[in-house]
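Novice: I am sharing query-v9.tsv, which consists of TSV, N, CA and C atoms:
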chain	number	residue	atom	x	y	z
I	1	MET	N	84.64	40.07	-69.49
I	1	MET	CA	84.99	38.67	-69.27
I	1	MET	C	83.81	37.89	-68.69
I	2	ALA	N	83.00	38.54	-67.86
I	2	ALA	CA	81.94	37.86	-67.14
I	2	ALA	C	80.91	37.20	-68.06
I	3	ASN	N	80.73	37.74	-69.26
I	3	ASN	CA	79.74	37.15	-70.15
I	3	ASN	C	80.36	36.16	-71.14
I	4	GLU	N	81.63	35.82	-70.94
I	4	GLU	CA	82.28	34.85	-71.82
I	4	GLU	C	81.57	33.50	-71.67
I	5	GLU	N	81.33	32.85	-72.79
I	5	GLU	CA	80.56	31.62	-72.79
I	5	GLU	C	81.39	30.41	-72.35
I	6	SER	N	80.77	29.57	-71.53
I	6	SER	CA	81.42	28.32	-71.11
I	6	SER	C	81.28	27.27	-72.20
I	7	GLU	N	82.34	26.50	-72.37
I	7	GLU	CA	82.31	25.39	-73.31
I	7	GLU	C	82.93	24.19	-72.62
I	8	LEU	N	82.75	23.01	-73.22
I	8	LEU	CA	83.27	21.78	-72.64
I	8	LEU	C	84.74	21.60	-73.02
I	9	TYR	N	85.57	21.42	-72.01
I	9	TYR	CA	87.00	21.17	-72.21
I	9	TYR	C	87.37	19.86	-71.53
I	10	PHE	N	88.36	19.18	-72.10
I	10	PHE	CA	88.94	18.00	-71.48
I	10	PHE	C	90.30	18.37	-70.92
I	11	VAL	N	90.55	18.00	-69.69
I	11	VAL	CA	91.80	18.34	-69.00
I	11	VAL	C	92.50	17.03	-68.65
I	12	PHE	N	93.76	16.92	-69.05
I	12	PHE	CA	94.55	15.72	-68.78
I	12	PHE	C	95.70	16.09	-67.86
I	13	MET	N	95.90	15.27	-66.85
I	13	MET	CA	96.84	15.58	-65.78
I	13	MET	C	98.23	15.03	-66.08
I	14	ASN	N	99.23	15.62	-65.41
I	14	ASN	CA	100.60	15.14	-65.48
I	14	ASN	C	100.76	13.83	-64.71
I	15	TYR	N	101.89	13.17	-64.91
I	15	TYR	CA	102.19	11.92	-64.25
I	15	TYR	C	101.99	12.05	-62.74
I	16	ASP	N	101.32	11.07	-62.15
I	16	ASP	CA	101.03	11.05	-60.72
I	16	ASP	C	101.30	9.64	-60.20
I	17	PRO	N	102.36	9.45	-59.39
I	17	PRO	CA	102.72	8.11	-58.91
I	17	PRO	C	101.59	7.42	-58.13
I	18	GLU	N	100.81	8.19	-57.38
I	18	GLU	CA	99.71	7.59	-56.60
I	18	GLU	C	98.62	7.07	-57.54
I	19	TYR	N	98.32	7.82	-58.58
I	19	TYR	CA	97.36	7.36	-59.60
I	19	TYR	C	97.85	6.06	-60.22
I	20	GLU	N	99.11	6.01	-60.59
I	20	GLU	CA	99.68	4.80	-61.21
I	20	GLU	C	99.64	3.62	-60.25
I	21	ARG	N	99.93	3.87	-58.98
I	21	ARG	CA	99.92	2.80	-57.97
I	21	ARG	C	98.50	2.23	-57.83
I	22	LEU	N	97.52	3.10	-57.68
I	22	LEU	CA	96.13	2.65	-57.53
I	22	LEU	C	95.63	1.95	-58.80
I	23	ARG	N	96.04	2.47	-59.94
I	23	ARG	CA	95.59	1.87	-61.21
I	23	ARG	C	96.17	0.48	-61.40
I	24	SER	N	97.40	0.27	-60.93
I	24	SER	CA	98.06	-1.03	-61.13
I	24	SER	C	97.47	-2.11	-60.23
I	25	LYS	N	96.84	-1.73	-59.11
I	25	LYS	CA	96.25	-2.75	-58.22
I	25	LYS	C	94.73	-2.75	-58.34
I	26	ARG	N	94.26	-2.78	-59.55
I	26	ARG	CA	92.85	-2.64	-59.89
I	26	ARG	C	91.98	-3.81	-59.44
I	27	THR	N	91.94	-4.10	-58.16
I	27	THR	CA	90.96	-5.06	-57.66
I	27	THR	C	89.64	-4.32	-57.58
I	28	LYS	N	88.60	-4.97	-57.10
I	28	LYS	CA	87.31	-4.29	-56.92
I	28	LYS	C	87.51	-3.10	-55.97
I	29	LYS	N	88.18	-3.34	-54.86
I	29	LYS	CA	88.43	-2.29	-53.87
I	29	LYS	C	89.36	-1.24	-54.46
I	30	GLY	N	90.39	-1.68	-55.15
I	30	GLY	CA	91.35	-0.76	-55.75
I	30	GLY	C	90.69	0.14	-56.78
I	31	SER	N	89.73	-0.41	-57.49
I	31	SER	CA	89.01	0.35	-58.50
I	31	SER	C	88.20	1.47	-57.83
I	32	TYR	N	87.55	1.15	-56.72
I	32	TYR	CA	86.78	2.16	-55.98
I	32	TYR	C	87.71	3.23	-55.43
I	33	GLU	N	88.83	2.81	-54.85
I	33	GLU	CA	89.83	3.75	-54.31
I	33	GLU	C	90.31	4.70	-55.41
I	34	LEU	N	90.57	4.15	-56.57
I	34	LEU	CA	91.05	4.95	-57.70
I	34	LEU	C	90.00	5.97	-58.12
I	35	ASP	N	88.75	5.54	-58.23
I	35	ASP	CA	87.65	6.45	-58.60
I	35	ASP	C	87.57	7.63	-57.64
I	36	VAL	N	87.61	7.33	-56.34
I	36	VAL	CA	87.50	8.37	-55.31
I	36	VAL	C	88.72	9.29	-55.36
I	37	TYR	N	89.90	8.70	-55.46
I	37	TYR	CA	91.14	9.48	-55.50
I	37	TYR	C	91.12	10.46	-56.67
I	38	ILE	N	90.81	9.95	-57.85
I	38	ILE	CA	90.81	10.78	-59.07
I	38	ILE	C	89.76	11.89	-58.98
I	39	SER	N	88.56	11.54	-58.59
I	39	SER	CA	87.49	12.53	-58.52
I	39	SER	C	87.84	13.63	-57.53
I	40	ASN	N	88.35	13.27	-56.35
I	40	ASN	CA	88.73	14.26	-55.34
I	40	ASN	C	89.88	15.13	-55.83
I	41	LYS	N	90.85	14.52	-56.49
I	41	LYS	CA	92.01	15.26	-57.01
I	41	LYS	C	91.55	16.32	-58.03
I	42	HIS	N	90.67	15.93	-58.93
I	42	HIS	CA	90.17	16.86	-59.95
I	42	HIS	C	89.33	17.97	-59.31
I	43	ASP	N	88.47	17.59	-58.35
I	43	ASP	CA	87.63	18.57	-57.65
I	43	ASP	C	88.50	19.60	-56.92
I	44	GLU	N	89.55	19.11	-56.28
I	44	GLU	CA	90.46	19.97	-55.52
I	44	GLU	C	91.17	20.97	-56.44
I	45	LEU	N	91.65	20.49	-57.57
I	45	LEU	CA	92.32	21.38	-58.53
I	45	LEU	C	91.38	22.51	-58.95
I	46	LEU	N	90.15	22.15	-59.30
I	46	LEU	CA	89.18	23.16	-59.74
I	46	LEU	C	88.83	24.12	-58.61
I	47	ALA	N	88.61	23.59	-57.40
I	47	ALA	CA	88.23	24.43	-56.26
I	47	ALA	C	89.36	25.39	-55.88
I	48	ASN	N	90.61	24.96	-56.04
I	48	ASN	CA	91.75	25.80	-55.71
I	48	ASN	C	92.08	26.81	-56.81
I	49	THR	N	91.51	26.60	-58.00
I	49	THR	CA	91.84	27.45	-59.14
I	49	THR	C	90.75	28.48	-59.45
I	50	PHE	N	89.49	28.09	-59.25
I	50	PHE	CA	88.36	28.95	-59.66
I	50	PHE	C	87.39	29.21	-58.51
I	51	GLU	N	86.61	30.27	-58.65
I	51	GLU	CA	85.55	30.59	-57.70
I	51	GLU	C	84.43	29.55	-57.84
I	52	PRO	N	83.78	29.18	-56.73
I	52	PRO	CA	82.63	28.26	-56.81
I	52	PRO	C	81.57	28.83	-57.75
I	53	GLY	N	80.96	27.96	-58.52
I	53	GLY	CA	79.89	28.38	-59.42
I	53	GLY	C	80.35	28.91	-60.76
I	54	THR	N	81.68	29.00	-60.98
I	54	THR	CA	82.17	29.52	-62.26
I	54	THR	C	82.57	28.40	-63.22
I	55	TYR	N	82.39	27.15	-62.79
I	55	TYR	CA	82.72	26.00	-63.63
I	55	TYR	C	81.75	24.86	-63.31
I	56	ASN	N	81.69	23.89	-64.20
I	56	ASN	CA	80.83	22.73	-63.98
I	56	ASN	C	81.58	21.47	-64.41
I	57	LYS	N	82.14	20.75	-63.43
I	57	LYS	CA	82.83	19.50	-63.78
I	57	LYS	C	81.79	18.46	-64.17
I	58	ARG	N	81.95	17.89	-65.35
I	58	ARG	CA	80.98	16.91	-65.86
I	58	ARG	C	81.33	15.50	-65.43
I	59	LEU	N	82.62	15.14	-65.53
I	59	LEU	CA	83.01	13.78	-65.16
I	59	LEU	C	84.51	13.67	-65.07
I	60	SER	N	84.96	12.67	-64.29
I	60	SER	CA	86.37	12.33	-64.23
I	60	SER	C	86.60	11.10	-65.09
I	61	LEU	N	87.72	11.10	-65.79
I	61	LEU	CA	88.09	9.98	-66.66
I	61	LEU	C	89.21	9.20	-65.97
I	62	VAL	N	88.84	8.07	-65.39
I	62	VAL	CA	89.80	7.31	-64.59
I	62	VAL	C	90.90	6.70	-65.46
I	63	ILE	N	90.54	6.26	-66.64
I	63	ILE	CA	91.50	5.51	-67.47
I	63	ILE	C	92.68	6.37	-67.93
I	64	VAL	N	92.50	7.69	-68.01
I	64	VAL	CA	93.58	8.57	-68.47
I	64	VAL	C	93.94	9.68	-67.48
I	65	ASP	N	93.39	9.65	-66.26
I	65	ASP	CA	93.60	10.72	-65.28
I	65	ASP	C	93.31	12.08	-65.91
I	66	GLY	N	92.04	12.26	-66.24
I	66	GLY	CA	91.59	13.51	-66.82
I	66	GLY	C	90.15	13.76	-66.44
I	67	PHE	N	89.63	14.90	-66.86
I	67	PHE	CA	88.24	15.20	-66.57
I	67	PHE	C	87.66	16.14	-67.61
I	68	ALA	N	86.34	16.17	-67.66
I	68	ALA	CA	85.62	17.07	-68.55
I	68	ALA	C	84.99	18.16	-67.68
I	69	VAL	N	85.13	19.41	-68.13
I	69	VAL	CA	84.61	20.53	-67.34
I	69	VAL	C	84.11	21.62	-68.28
I	70	GLU	N	83.01	22.25	-67.89
I	70	GLU	CA	82.50	23.40	-68.63
I	70	GLU	C	83.13	24.65	-68.04
I	71	ILE	N	83.97	25.33	-68.84
I	71	ILE	CA	84.66	26.54	-68.41
I	71	ILE	C	84.78	27.50	-69.60
I	72	THR	N	85.21	28.72	-69.30
I	72	THR	CA	85.42	29.70	-70.37
I	72	THR	C	86.82	29.51	-70.96
I	73	GLN	N	87.06	30.16	-72.07
I	73	GLN	CA	88.38	30.09	-72.70
I	73	GLN	C	89.45	30.66	-71.76
I	74	HIS	N	89.12	31.73	-71.07
I	74	HIS	CA	90.06	32.32	-70.11
I	74	HIS	C	90.41	31.31	-69.01
I	75	GLN	N	89.40	30.63	-68.47
I	75	GLN	CA	89.64	29.62	-67.43
I	75	GLN	C	90.49	28.48	-67.97
I	76	ALA	N	90.27	28.10	-69.23
I	76	ALA	CA	91.08	27.04	-69.86
I	76	ALA	C	92.54	27.46	-69.89
I	77	ASN	N	92.79	28.71	-70.22
I	77	ASN	CA	94.17	29.22	-70.25
I	77	ASN	C	94.80	29.21	-68.85
I	78	VAL	N	94.00	29.54	-67.84
I	78	VAL	CA	94.49	29.50	-66.46
I	78	VAL	C	94.87	28.06	-66.09
I	79	LEU	N	94.00	27.11	-66.43
I	79	LEU	CA	94.28	25.70	-66.13
I	79	LEU	C	95.53	25.20	-66.84
I	80	ARG	N	95.74	25.67	-68.06
I	80	ARG	CA	96.93	25.25	-68.83
I	80	ARG	C	98.22	25.57	-68.08
I	81	SER	N	98.20	26.60	-67.26
I	81	SER	CA	99.42	26.98	-66.54
I	81	SER	C	99.57	26.30	-65.18
I	82	ALA	N	98.58	25.52	-64.77
I	82	ALA	CA	98.68	24.79	-63.50
I	82	ALA	C	99.73	23.68	-63.63
I	83	LYS	N	100.56	23.54	-62.61
I	83	LYS	CA	101.68	22.57	-62.71
I	83	LYS	C	101.20	21.12	-62.82
I	84	GLU	N	100.02	20.81	-62.29
I	84	GLU	CA	99.51	19.43	-62.34
I	84	GLU	C	98.92	19.06	-63.70
I	85	VAL	N	98.67	20.06	-64.54
I	85	VAL	CA	97.95	19.85	-65.80
I	85	VAL	C	98.92	19.68	-66.97
I	86	ARG	N	98.66	18.63	-67.76
I	86	ARG	CA	99.48	18.37	-68.95
I	86	ARG	C	98.86	19.02	-70.18
I	87	VAL	N	97.55	18.81	-70.41
I	87	VAL	CA	96.88	19.30	-71.62
I	87	VAL	C	95.46	19.74	-71.30
I	88	VAL	N	95.03	20.82	-71.94
I	88	VAL	CA	93.64	21.27	-71.87
I	88	VAL	C	93.17	21.42	-73.32
I	89	GLU	N	92.15	20.66	-73.68
I	89	GLU	CA	91.65	20.68	-75.07
I	89	GLU	C	90.15	20.95	-75.08
I	90	LYS	N	89.73	21.85	-75.97
I	90	LYS	CA	88.30	22.10	-76.15
I	90	LYS	C	87.67	20.92	-76.87
I	91	ASN	N	86.49	20.53	-76.42
I	91	ASN	CA	85.76	19.45	-77.05
I	91	ASN	C	85.42	19.83	-78.49
I	92	GLN	N	85.68	18.93	-79.41
I	92	GLN	CA	85.35	19.18	-80.82
I	92	GLN	C	84.12	18.36	-81.19
I	93	GLU	N	83.06	19.04	-81.54
I	93	GLU	CA	81.84	18.34	-81.96
I	93	GLU	C	82.05	17.80	-83.39
I	94	LEU	N	81.67	16.55	-83.58
I	94	LEU	CA	81.77	15.97	-84.91
I	94	LEU	C	80.48	16.19	-85.65
I	95	ALA	N	80.59	16.66	-86.88
I	95	ALA	CA	79.38	16.96	-87.67
I	95	ALA	C	78.80	15.70	-88.25
Can you dump the structure from the file as structure tokens?

Specialist:
Amino acid sequence: MANEESELYFVFMNYDPEYERLRSKRTKKGSYELDVYISNKHDELLANTFEPGTYNKRLSLVIVDGFAVEITQHQANVLRSAKEVRVVEKNQELA
């Protein structure tokens, strides 16, 4: 398992009332609050699920409450079973 290759996956989260509340009050300040909330939430999920150094979060997607992360297929399957996670999809490169 240790030599399994990491690939880019997109992870989309389940409904979160706090995310919806912050998103609905999208002032300048609200926008910053939302960015911080989402990024911390995604970081926390990854830190609680995987060992440090076994994944690489690329970015948080504020508009859909999701994030992009470099992980192995096994890690993707682990994330799929997390209660906060709705969908985990491997990035598809367009030719």

Novice: Which residues, written as a ChimeraX atom specification, have at least one atom at most 12 Å from stretch 92-94 of chain I, with only C-alpha atoms counted and residues fewer than 3 positions away on the same chain left out?

Specialist: /I:7-10,89

Novice: Using atom CA of I:Val11 and atom N of I:Val87 as the two end points, give the distance in Å to one decimal.

Specialist: 5.9 Å

Novice: Measure the distance from atom CA of I:Met13 to atom CA of I:Ala82 in Å and round it to one decimal.

Specialist: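 Answer for the atom CA of I:Met13 to atom CA of I:Ala82 separation: 9.7 Å.
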
Novice: Please report the interatomic distance between atom CA of I:Glu18 and atom CA of I:Leu34 in Å with one decimal.

Specialist: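 Separation between atom CA of I:Glu18 and atom CA of I:Leu34: 9.1 Å.
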
Novice: List every residue of chain I that DSSP, applied to the backbone of this structure, places in strand (DSSP E), and write the result as an mmCIF file with N, CA and C atoms, in the frame of the given file.

Specialist:
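So out_18.cif came out as:
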data_model
loop_
_atom_site.group_PDB
_atom_site.id
_atom_site.type_symbol
_atom_site.label_atom_id
_atom_site.label_comp_id
_atom_site.auth_asym_id
_atom_site.auth_seq_id
_atom_site.Cartn_x
_atom_site.Cartn_y
_atom_site.Cartn_z
ATOM 1 N N GLU I 7 82.340 26.500 -72.370
ATOM 2 C CA GLU I 7 82.310 25.390 -73.310
ATOM 3 C C GLU I 7 82.930 24.190 -72.620
ATOM 4 N N LEU I 8 82.750 23.010 -73.220
ATOM 5 C CA LEU I 8 83.270 21.780 -72.640
ATOM 6 C C LEU I 8 84.740 21.600 -73.020
ATOM 7 N N TYR I 9 85.570 21.420 -72.010
ATOM 8 C CA TYR I 9 87.000 21.170 -72.210
ATOM 9 C C TYR I 9 87.370 19.860 -71.530
ATOM 10 N N PHE I 10 88.360 19.180 -72.100
ATOM 11 C CA PHE I 10 88.940 18.000 -71.480
ATOM 12 C C PHE I 10 90.300 18.370 -70.920
ATOM 13 N N VAL I 11 90.550 18.000 -69.690
ATOM 14 C CA VAL I 11 91.800 18.340 -69.000
ATOM 15 C C VAL I 11 92.500 17.030 -68.650
ATOM 16 N N PHE I 12 93.760 16.920 -69.050
ATOM 17 C CA PHE I 12 94.550 15.720 -68.780
ATOM 18 C C PHE I 12 95.700 16.090 -67.860
ATOM 19 N N MET I 13 95.900 15.270 -66.850
ATOM 20 C CA MET I 13 96.840 15.580 -65.780
ATOM 21 C C MET I 13 98.230 15.030 -66.080
ATOM 22 N N ASN I 56 81.690 23.890 -64.200
ATOM 23 C CA ASN I 56 80.830 22.730 -63.980
ATOM 24 C C ASN I 56 81.580 21.470 -64.410
ATOM 25 N N LYS I 57 82.140 20.750 -63.430
ATOM 26 C CA LYS I 57 82.830 19.500 -63.780
ATOM 27 C C LYS I 57 81.790 18.460 -64.170
ATOM 28 N N ARG I 58 81.950 17.890 -65.350
ATOM 29 C CA ARG I 58 80.980 16.910 -65.860
ATOM 30 C C ARG I 58 81.330 15.500 -65.430
ATOM 31 N N LEU I 59 82.620 15.140 -65.530
ATOM 32 C CA LEU I 59 83.010 13.780 -65.160
ATOM 33 C C LEU I 59 84.510 13.670 -65.070
ATOM 34 N N SER I 60 84.960 12.670 -64.290
ATOM 35 C CA SER I 60 86.370 12.330 -64.230
ATOM 36 C C SER I 60 86.600 11.100 -65.090
ATOM 37 N N LEU I 61 87.720 11.100 -65.790
ATOM 38 C CA LEU I 61 88.090 9.980 -66.660
ATOM 39 C C LEU I 61 89.210 9.200 -65.970
ATOM 40 N N GLY I 66 92.040 12.260 -66.240
ATOM 41 C CA GLY I 66 91.590 13.510 -66.820
ATOM 42 C C GLY I 66 90.150 13.760 -66.440
ATOM 43 N N PHE I 67 89.630 14.900 -66.860
ATOM 44 C CA PHE I 67 88.240 15.200 -66.570
ATOM 45 C C PHE I 67 87.660 16.140 -67.610
ATOM 46 N N ALA I 68 86.340 16.170 -67.660
ATOM 47 C CA ALA I 68 85.620 17.070 -68.550
ATOM 48 C C ALA I 68 84.990 18.160 -67.680
ATOM 49 N N VAL I 69 85.130 19.410 -68.130
ATOM 50 C CA VAL I 69 84.610 20.530 -67.340
ATOM 51 C C VAL I 69 84.110 21.620 -68.280
ATOM 52 N N GLU I 70 83.010 22.250 -67.890
ATOM 53 C CA GLU I 70 82.500 23.400 -68.630
ATOM 54 C C GLU I 70 83.130 24.650 -68.040
ATOM 55 N N ILE I 71 83.970 25.330 -68.840
ATOM 56 C CA ILE I 71 84.660 26.540 -68.410
ATOM 57 C C ILE I 71 84.780 27.500 -69.600
ATOM 58 N N VAL I 85 98.670 20.060 -64.540
ATOM 59 C CA VAL I 85 97.950 19.850 -65.800
ATOM 60 C C VAL I 85 98.920 19.680 -66.970
ATOM 61 N N ARG I 86 98.660 18.630 -67.760
ATOM 62 C CA ARG I 86 99.480 18.370 -68.950
ATOM 63 C C ARG I 86 98.860 19.020 -70.180
ATOM 64 N N VAL I 87 97.550 18.810 -70.410
ATOM 65 C CA VAL I 87 96.880 19.300 -71.620
ATOM 66 C C VAL I 87 95.460 19.740 -71.300
ATOM 67 N N VAL I 88 95.030 20.820 -71.940
ATOM 68 C CA VAL I 88 93.640 21.270 -71.870
ATOM 69 C C VAL I 88 93.170 21.420 -73.320
ATOM 70 N N GLU I 89 92.150 20.660 -73.680
ATOM 71 C CA GLU I 89 91.650 20.680 -75.070
ATOM 72 C C GLU I 89 90.150 20.950 -75.080
ATOM 73 N N LYS I 90 89.730 21.850 -75.970
ATOM 74 C CA LYS I 90 88.300 22.100 -76.150
ATOM 75 C C LYS I 90 87.670 20.920 -76.870
#

Novice: Could you pull the residues within 7 Å of stretch 65-79 of chain I, counting only N, CA and C atoms, minus those fewer than 3 positions along the same chain, as a PyMOL selection string?

Specialist: chain I and resi 4-14+38+54-62+82-83+85+88

Novice: Since we have the selection now, will you write its residues out, keeping N, CA and C atoms, as a PDB file, in the frame of the given file?

Specialist:
ATOM      1  N   GLU I   4      81.630  35.820 -70.940  1.00  0.00           N
ATOM      2  CA  GLU I   4      82.280  34.850 -71.820  1.00  0.00           C
ATOM      3  C   GLU I   4      81.570  33.500 -71.670  1.00  0.00           C
ATOM      4  N   GLU I   5      81.330  32.850 -72.790  1.00  0.00           N
ATOM      5  CA  GLU I   5      80.560  31.620 -72.790  1.00  0.00           C
ATOM      6  C   GLU I   5      81.390  30.410 -72.350  1.00  0.00           C
ATOM      7  N   SER I   6      80.770  29.570 -71.530  1.00  0.00           N
ATOM      8  CA  SER I   6      81.420  28.320 -71.110  1.00  0.00           C
ATOM      9  C   SER I   6      81.280  27.270 -72.200  1.00  0.00           C
ATOM     10  N   GLU I   7      82.340  26.500 -72.370  1.00  0.00           N
ATOM     11  CA  GLU I   7      82.310  25.390 -73.310  1.00  0.00           C
ATOM     12  C   GLU I   7      82.930  24.190 -72.620  1.00  0.00           C
ATOM     13  N   LEU I   8      82.750  23.010 -73.220  1.00  0.00           N
ATOM     14  CA  LEU I   8      83.270  21.780 -72.640  1.00  0.00           C
ATOM     15  C   LEU I   8      84.740  21.600 -73.020  1.00  0.00           C
ATOM     16  N   TYR I   9      85.570  21.420 -72.010  1.00  0.00           N
ATOM     17  CA  TYR I   9      87.000  21.170 -72.210  1.00  0.00           C
ATOM     18  C   TYR I   9      87.370  19.860 -71.530  1.00  0.00           C
ATOM     19  N   PHE I  10      88.360  19.180 -72.100  1.00  0.00           N
ATOM     20  CA  PHE I  10      88.940  18.000 -71.480  1.00  0.00           C
ATOM     21  C   PHE I  10      90.300  18.370 -70.920  1.00  0.00           C
ATOM     22  N   VAL I  11      90.550  18.000 -69.690  1.00  0.00           N
ATOM     23  CA  VAL I  11      91.800  18.340 -69.000  1.00  0.00           C
ATOM     24  C   VAL I  11      92.500  17.030 -68.650  1.00  0.00           C
ATOM     25  N   PHE I  12      93.760  16.920 -69.050  1.00  0.00           N
ATOM     26  CA  PHE I  12      94.550  15.720 -68.780  1.00  0.00           C
ATOM     27  C   PHE I  12      95.700  16.090 -67.860  1.00  0.00           C
ATOM     28  N   MET I  13      95.900  15.270 -66.850  1.00  0.00           N
ATOM     29  CA  MET I  13      96.840  15.580 -65.780  1.00  0.00           C
ATOM     30  C   MET I  13      98.230  15.030 -66.080  1.00  0.00           C
ATOM     31  N   ASN I  14      99.230  15.620 -65.410  1.00  0.00           N
ATOM     32  CA  ASN I  14     100.600  15.140 -65.480  1.00  0.00           C
ATOM     33  C   ASN I  14     100.760  13.830 -64.710  1.00  0.00           C
ATOM     34  N   ILE I  38      90.810   9.950 -57.850  1.00  0.00           N
ATOM     35  CA  ILE I  38      90.810  10.780 -59.070  1.00  0.00           C
ATOM     36  C   ILE I  38      89.760  11.890 -58.980  1.00  0.00           C
ATOM     37  N   THR I  54      81.680  29.000 -60.980  1.00  0.00           N
ATOM     38  CA  THR I  54      82.170  29.520 -62.260  1.00  0.00           C
ATOM     39  C   THR I  54      82.570  28.400 -63.220  1.00  0.00           C
ATOM     40  N   TYR I  55      82.390  27.150 -62.790  1.00  0.00           N
ATOM     41  CA  TYR I  55      82.720  26.000 -63.630  1.00  0.00           C
ATOM     42  C   TYR I  55      81.750  24.860 -63.310  1.00  0.00           C
ATOM     43  N   ASN I  56      81.690  23.890 -64.200  1.00  0.00           N
ATOM     44  CA  ASN I  56      80.830  22.730 -63.980  1.00  0.00           C
ATOM     45  C   ASN I  56      81.580  21.470 -64.410  1.00  0.00           C
ATOM     46  N   LYS I  57      82.140  20.750 -63.430  1.00  0.00           N
ATOM     47  CA  LYS I  57      82.830  19.500 -63.780  1.00  0.00           C
ATOM     48  C   LYS I  57      81.790  18.460 -64.170  1.00  0.00           C
ATOM     49  N   ARG I  58      81.950  17.890 -65.350  1.00  0.00           N
ATOM     50  CA  ARG I  58      80.980  16.910 -65.860  1.00  0.00           C
ATOM     51  C   ARG I  58      81.330  15.500 -65.430  1.00  0.00           C
ATOM     52  N   LEU I  59      82.620  15.140 -65.530  1.00  0.00           N
ATOM     53  CA  LEU I  59      83.010  13.780 -65.160  1.00  0.00           C
ATOM     54  C   LEU I  59      84.510  13.670 -65.070  1.00  0.00           C
ATOM     55  N   SER I  60      84.960  12.670 -64.290  1.00  0.00           N
ATOM     56  CA  SER I  60      86.370  12.330 -64.230  1.00  0.00           C
ATOM     57  C   SER I  60      86.600  11.100 -65.090  1.00  0.00           C
ATOM     58  N   LEU I  61      87.720  11.100 -65.790  1.00  0.00           N
ATOM     59  CA  LEU I  61      88.090   9.980 -66.660  1.00  0.00           C
ATOM     60  C   LEU I  61      89.210   9.200 -65.970  1.00  0.00           C
ATOM     61  N   VAL I  62      88.840   8.070 -65.390  1.00  0.00           N
ATOM     62  CA  VAL I  62      89.800   7.310 -64.590  1.00  0.00           C
ATOM     63  C   VAL I  62      90.900   6.700 -65.460  1.00  0.00           C
ATOM     64  N   ALA I  82      98.580  25.520 -64.770  1.00  0.00           N
ATOM     65  CA  ALA I  82      98.680  24.790 -63.500  1.00  0.00           C
ATOM     66  C   ALA I  82      99.730  23.680 -63.630  1.00  0.00           C
ATOM     67  N   LYS I  83     100.560  23.540 -62.610  1.00  0.00           N
ATOM     68  CA  LYS I  83     101.680  22.570 -62.710  1.00  0.00           C
ATOM     69  C   LYS I  83     101.200  21.120 -62.820  1.00  0.00           C
ATOM     70  N   VAL I  85      98.670  20.060 -64.540  1.00  0.00           N
ATOM     71  CA  VAL I  85      97.950  19.850 -65.800  1.00  0.00           C
ATOM     72  C   VAL I  85      98.920  19.680 -66.970  1.00  0.00           C
ATOM     73  N   VAL I  88      95.030  20.820 -71.940  1.00  0.00           N
ATOM     74  CA  VAL I  88      93.640  21.270 -71.870  1.00  0.00           C
ATOM     75  C   VAL I  88      93.170  21.420 -73.320  1.00  0.00           C
TER      76      VAL I  88
END

Novice: With DSSP run on the backbone, what are the alpha helix (DSSP H) residues within chain I? I'd like them as JSON, numbers by chain.

Specialist: {"I": [17, 18, 19, 20, 21, 22, 23, 24, 28, 29, 30, 31, 32, 33, 34, 35, 36, 37, 38, 39, 40, 41, 42, 43, 44, 45, 46, 47, 48, 49, 73, 74, 75, 76, 77, 78, 79, 80]}

Novice: Once you count only C-alpha atoms, which residues end up no further than 12 Å from (92.1, 0.2, -55.7) in the file's frame, shown as a short mmCIF file (atom, residue, chain, number, x, y, z; two decimals) with N, CA and C atoms, in the frame of the given file?

Specialist:
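Writing done, so here's out.cif:
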data_model
loop_
_atom_site.label_atom_id
_atom_site.label_comp_id
_atom_site.auth_asym_id
_atom_site.auth_seq_id
_atom_site.Cartn_x
_atom_site.Cartn_y
_atom_site.Cartn_z
N GLU I 18 100.81 8.19 -57.38
CA GLU I 18 99.71 7.59 -56.60
C GLU I 18 98.62 7.07 -57.54
N TYR I 19 98.32 7.82 -58.58
CA TYR I 19 97.36 7.36 -59.60
C TYR I 19 97.85 6.06 -60.22
N GLU I 20 99.11 6.01 -60.59
CA GLU I 20 99.68 4.80 -61.21
C GLU I 20 99.64 3.62 -60.25
N ARG I 21 99.93 3.87 -58.98
CA ARG I 21 99.92 2.80 -57.97
C ARG I 21 98.50 2.23 -57.83
N LEU I 22 97.52 3.10 -57.68
CA LEU I 22 96.13 2.65 -57.53
C LEU I 22 95.63 1.95 -58.80
N ARG I 23 96.04 2.47 -59.94
CA ARG I 23 95.59 1.87 -61.21
C ARG I 23 96.17 0.48 -61.40
N SER I 24 97.40 0.27 -60.93
CA SER I 24 98.06 -1.03 -61.13
C SER I 24 97.47 -2.11 -60.23
N LYS I 25 96.84 -1.73 -59.11
CA LYS I 25 96.25 -2.75 -58.22
C LYS I 25 94.73 -2.75 -58.34
N ARG I 26 94.26 -2.78 -59.55
CA ARG I 26 92.85 -2.64 -59.89
C ARG I 26 91.98 -3.81 -59.44
N THR I 27 91.94 -4.10 -58.16
CA THR I 27 90.96 -5.06 -57.66
C THR I 27 89.64 -4.32 -57.58
N LYS I 28 88.60 -4.97 -57.10
CA LYS I 28 87.31 -4.29 -56.92
C LYS I 28 87.51 -3.10 -55.97
N LYS I 29 88.18 -3.34 -54.86
CA LYS I 29 88.43 -2.29 -53.87
C LYS I 29 89.36 -1.24 -54.46
N GLY I 30 90.39 -1.68 -55.15
CA GLY I 30 91.35 -0.76 -55.75
C GLY I 30 90.69 0.14 -56.78
N SER I 31 89.73 -0.41 -57.49
CA SER I 31 89.01 0.35 -58.50
C SER I 31 88.20 1.47 -57.83
N TYR I 32 87.55 1.15 -56.72
CA TYR I 32 86.78 2.16 -55.98
C TYR I 32 87.71 3.23 -55.43
N GLU I 33 88.83 2.81 -54.85
CA GLU I 33 89.83 3.75 -54.31
C GLU I 33 90.31 4.70 -55.41
N LEU I 34 90.57 4.15 -56.57
CA LEU I 34 91.05 4.95 -57.70
C LEU I 34 90.00 5.97 -58.12
N ASP I 35 88.75 5.54 -58.23
CA ASP I 35 87.65 6.45 -58.60
C ASP I 35 87.57 7.63 -57.64
N VAL I 36 87.61 7.33 -56.34
CA VAL I 36 87.50 8.37 -55.31
C VAL I 36 88.72 9.29 -55.36
N TYR I 37 89.90 8.70 -55.46
CA TYR I 37 91.14 9.48 -55.50
C TYR I 37 91.12 10.46 -56.67
N ILE I 38 90.81 9.95 -57.85
CA ILE I 38 90.81 10.78 -59.07
C ILE I 38 89.76 11.89 -58.98
N VAL I 62 88.84 8.07 -65.39
CA VAL I 62 89.80 7.31 -64.59
C VAL I 62 90.90 6.70 -65.46
#
